[in-house]
Amino acid sequence: MRLASSRYKRDRSGVREMMERSWARDDVVHLEIGESGLKTAAHILKAAADASERGENGYSPTPGLPQLRAALAEKLVQVNKHAGASADNVLVTNGGGNALFVIFGTILDAQSSILLPDPGWSSFPLIARAVGATPEYYAIRESAGFLPDPDELRKLINDNTRALVVNSPSNPLGRTIPESLARELYQLCVEYDLWLVSDECYDQIDFTGEYISFGSLEEKPERVLSVFSFSKVYAMTGWRVGYCHLPPEMIDPVLSLLEPSILCVNTPAQYAALAALEGSQEDFRRALECYKANRELVIEGLRGSCFETLKPDGGFYIWLKINIDGASSEDVAIELLEKHSVVVTPGTAFGPGGEGYLRISIATTAELLSEGVKRLLCYRNN
């Protein structure tokens with residue numbers, strides 16, 4: 001029996017690999033998982049239960065529940081400053097990853113390439129290859145403050161380049177792209193007629209007040225393809241609700257991929273997402289304060305150790321530089337698991353530029369994080 005030749009180009013996520021290495025063990029501290037260790041808010045749970053009790057368990061429209069799309073458009077205007085947001089230009093997706101998949105599948109083909117950050121979210125190249133396109137990486141270097149370099153991007157653009165992907169706040173770096181650089185990157189896309197795919201799944205997890213949504217740079221959606229999620233902000237990873245804000249001409253082509261792939265997003269989960277938007281934001285505010293405190297806990301706890309911390313602007317990860325000559329990211333991560341029972345993600349899971357680094361999640365309880373830091377400090381100290 002024959003398989004598609006493209007199967008040879010499909011890698012697996014390095015994050016998932018570390019999870020699977022440790023999943024059967026009950027003695028480990030998990031700092032690799034990209035999800036909140038906090039519980040989904042009670043009013044969100046109740047909204048899903050109430051919807052089910054009302055019998056709202058059937059199919060919903062492929063674009064999403066009308067009332068949810070309307071609430072999302074309002075959120076985009078008020079929170080993300082998308083002046084031209086309307087319900088007609090918002091689609092509800094099966095998490096942010098699904099939004100990226102259908103967007104990539106709409107703008108890319110076998111002859112095209114897409115510019116991806118390195119280090120960057122491990123699924124970016126997986127999705128690009130899955131739709132037959134070629135990932136091209138632009139370096140995110142410490143010397144440039146772990147931010148994109150427009151001059152380097154210019155050198156990478158060619159006739160096959162179709163789009164630029166940005167991620168702010170960044171996974172895995174926690175860096176937020178400042179407004180001046182955001183405008184420069186947007187103008188670069190205008191100059192070369194590129195789509196700008198903006199992954200903003202951590203949009204409201206902002207510690208510095210410097211987060212800017214790329215969609216706010218346009219008077220109406222035209223070039224920016226914005227992706228958001230309920231997973232990180234509202235501790236709803238397993239609910240699988242995301243959304244995207246697109247130019248009008250993108251809606252029908254994207255729907256033509258959404259419909260055969262998912263048909264619609266889980267209906268009770270959409271009512272839960274609506275409650276997340278319209279209900280109390282107190283749980284999110286508490287979570288944000290928790291992440292801020294955890295950020296300081298890690299930075300202070302690892303000060304003076306062999307792990308140098310990059311203080312994140314947002315999101316819930318800390319990027320650690322391994323200050324040991326000759327130590328590879330993967331070897332260090334495996335040794336931390338096998339000898340010290342703490343699970344972290346090697347930087348190479350996010351691209352070749354991640355060599356020499358580790359990523360840890362701070363979206364857990366202070367107690368577990370403190371224990372994880374103690375175990376990190378044991379590395380080569382015993």
# chains A, B, ... in the order shown; residues from 1 in each chain; ligands from 1

$ residues_around --residues "segment 347-359 of chain A" --least-positions-apart "5" --cutoff "7 Å" --atoms "only C-alpha atoms" --output "list in words"
Ser13, Gly14, Val15, Asp118, Pro119, Gly120, Trp121, Ser122, Ala139, Pro172, Tyr317, Ile318, Trp319, Leu320, Lys321, Ile322, Ser328 and Ser329 of chain A

$ residues_around --residues "Leu108 of chain A" --least-positions-apart "4" --cutoff "10 Å" --atoms "only C-alpha atoms" --output "PyMOL selection string"
chain A and resi 102-104+112-114+128-129+131-134+160-163

$ select_by_dssp --residues "segment 162-285 of chain A" --states "strand (DSSP E or B)" --output "list in words"
Arg162, Ala163, Leu164, Val165, Val166, Asn167, Trp195, Leu196, Val197, Ser198, Asp199, Asp206, Val224, Leu225, Ser226, Val227, Phe228, Ser229, Gly242, Tyr243, Cys244 and His245 of chain A

$ closest_atom_pairs --of "segment 26-120 of chain A" --to "segment 179-199 of chain A" --cutoff "10 Å" --atoms "only C-alpha atoms" --output "tab-separated table"
residue	atom	partner	partner_atom	distance
A:Gly96	CA	A:Asp199	CA	8.1
A:Gly97	CA	A:Asp199	CA	9.5
A:Ala99	CA	A:Asp199	CA	9.6
A:Leu100	CA	A:Asp199	CA	8.1
A:Ile103	CA	A:Val197	CA	8.4
A:Phe104	CA	A:Val197	CA	8.9
A:Ile107	CA	A:Trp195	CA	8.2
A:Ile114	CA	A:Trp195	CA	9.4
A:Leu115	CA	A:Leu196	CA	9.7
A:Leu116	CA	A:Val197	CA	9.9

$ write_last_selection --atoms "N, CA and C atoms" --output "compact mmCIF listing (two decimals), in the first residue's frame"
# COMPACT_ATOMS: atom_id res chain seq x y z
N GLY A 96 -6.21 27.59 18.03
CA GLY A 96 -5.41 28.45 17.18
C GLY A 96 -4.67 27.68 16.11
N GLY A 97 -4.25 26.44 16.42
CA GLY A 97 -3.54 25.62 15.44
C GLY A 97 -4.37 25.34 14.21
N ALA A 99 -6.75 27.27 13.07
CA ALA A 99 -6.82 28.53 12.33
C ALA A 99 -5.58 28.69 11.45
N LEU A 100 -4.41 28.41 12.00
CA LEU A 100 -3.19 28.51 11.21
C LEU A 100 -3.18 27.51 10.07
N ILE A 103 -5.46 28.74 7.29
CA ILE A 103 -4.87 29.94 6.67
C ILE A 103 -3.70 29.55 5.79
N PHE A 104 -2.78 28.74 6.32
CA PHE A 104 -1.64 28.28 5.52
C PHE A 104 -2.15 27.55 4.27
N ILE A 107 -3.28 30.18 1.62
CA ILE A 107 -2.35 31.12 0.99
C ILE A 107 -1.11 30.45 0.41
N ILE A 114 7.23 30.22 3.06
CA ILE A 114 6.73 31.09 4.11
C ILE A 114 7.84 31.33 5.12
N LEU A 115 7.99 32.56 5.56
CA LEU A 115 9.04 32.95 6.49
C LEU A 115 8.58 32.70 7.93
N LEU A 116 9.34 31.87 8.64
CA LEU A 116 8.99 31.46 10.00
C LEU A 116 10.09 31.83 10.98

$ residues_around --residues "Glu219 of chain A" --least-positions-apart "2" --cutoff "10 Å" --atoms "only C-alpha atoms" --output "MDAnalysis selection string"
chainID A and resid 81:85 215:217 221:222

$ write_last_selection --atoms "C-alpha atoms" --output "compact mmCIF listing (two decimals), in the first residue's frame"
# COMPACT_ATOMS: atom_id res chain seq x y z
CA LYS A 81 -7.81 47.78 18.60
CA HIS A 82 -8.82 46.25 15.26
CA ALA A 83 -10.77 49.23 13.96
CA GLY A 84 -12.42 47.33 11.12
CA ALA A 85 -13.42 44.18 12.99
CA GLY A 215 -4.35 43.98 12.99
CA SER A 216 -4.51 47.38 14.69
CA LEU A 217 -2.10 48.71 12.04
CA PRO A 221 -8.48 43.80 7.49
CA GLU A 222 -6.47 43.69 4.29

$ closest_atom_pairs --of "segment 143-230 of chain A" --to "segment 285-298 of chain A" --cutoff "12 Å" --atoms "only C-alpha atoms" --output "JSON lines"
{"residue": "A:Gly174", "atom": "CA", "partner": "A:Arg295", "partner_atom": "CA", "distance": 10.8}
{"residue": "A:Tyr202", "atom": "CA", "partner": "A:Leu288", "partner_atom": "CA", "distance": 11.2}
{"residue": "A:Asp203", "atom": "CA", "partner": "A:Leu288", "partner_atom": "CA", "distance": 11.8}
{"residue": "A:Gln204", "atom": "CA", "partner": "A:Leu288", "partner_atom": "CA", "distance": 8.8}
{"residue": "A:Ile205", "atom": "CA", "partner": "A:Leu288", "partner_atom": "CA", "distance": 6.4}
{"residue": "A:Asp206", "atom": "CA", "partner": "A:Leu288", "partner_atom": "CA", "distance": 8.1}
{"residue": "A:Phe207", "atom": "CA", "partner": "A:Lys292", "partner_atom": "CA", "distance": 7.0}
{"residue": "A:Thr208", "atom": "CA", "partner": "A:Lys292", "partner_atom": "CA", "distance": 10.3}

$ select_by_dssp --residues "segment 154-328 of chain A" --states "helix (DSSP H, G or I)" --output "ChimeraX atom specification"
/A:154-156,179-192,214-217,237-239,248-262,267-278,282-301

$ closest_residue --among "A:Pro169, A:Pro117, A:Gly37, A:Gly279" --to "Tyr211 of chain A" --atoms "only C-alpha atoms"
A:Pro169

$ closest_atom_pairs --of "segment 170-277 of chain A" --to "segment 43-48 of chain A" --cutoff "10 Å" --atoms "only C-alpha atoms" --output "JSON lines"
{"residue": "A:Tyr234", "atom": "CA", "partner": "A:Ile44", "partner_atom": "CA", "distance": 9.1}
{"residue": "A:Met236", "atom": "CA", "partner": "A:Ile44", "partner_atom": "CA", "distance": 9.3}
{"residue": "A:Thr267", "atom": "CA", "partner": "A:Ala48", "partner_atom": "CA", "distance": 8.6}
{"residue": "A:Pro268", "atom": "CA", "partner": "A:Ala48", "partner_atom": "CA", "distance": 4.8}
{"residue": "A:Ala269", "atom": "CA", "partner": "A:Ala48", "partner_atom": "CA", "distance": 5.9}
{"residue": "A:Gln270", "atom": "CA", "partner": "A:Ala48", "partner_atom": "CA", "distance": 7.9}
{"residue": "A:Tyr271", "atom": "CA", "partner": "A:Ala48", "partner_atom": "CA", "distance": 5.8}
{"residue": "A:Ala272", "atom": "CA", "partner": "A:Ile44", "partner_atom": "CA", "distance": 4.9}
{"residue": "A:Ala273", "atom": "CA", "partner": "A:Ile44", "partner_atom": "CA", "distance": 7.1}
{"residue": "A:Leu274", "atom": "CA", "partner": "A:Ile44", "partner_atom": "CA", "distance": 8.3}
{"residue": "A:Ala275", "atom": "CA", "partner": "A:Ile44", "partner_atom": "CA", "distance": 5.5}
{"residue": "A:Ala276", "atom": "CA", "partner": "A:Ile44", "partner_atom": "CA", "distance": 5.7}
{"residue": "A:Leu277", "atom": "CA", "partner": "A:Ile44", "partner_atom": "CA", "distance": 9.3}

$ residues_around --residues "Ser370 of chain A" --least-positions-apart "5" --cutoff "12 Å" --atoms "only C-alpha atoms" --output "list of chain:residue names"
A:Val29, A:His30, A:Leu31, A:Ala293, A:Asn294, A:Arg295, A:Glu296, A:Leu297, A:Val298, A:Ile299, A:Glu300, A:Gly301, A:Leu302, A:Val342, A:Ile362, A:Thr364, A:Thr365, A:Arg375, A:Leu376, A:Leu377

$ atom_distance --atom1 "atom CA of Val92 of chain A" --atom2 "atom CA of Gly64 of chain A"
4.9 Å

$ atom_distance --atom1 "atom CA of Glu278 of chain A" --atom2 "atom CA of Ala73 of chain A"
12.4 Å
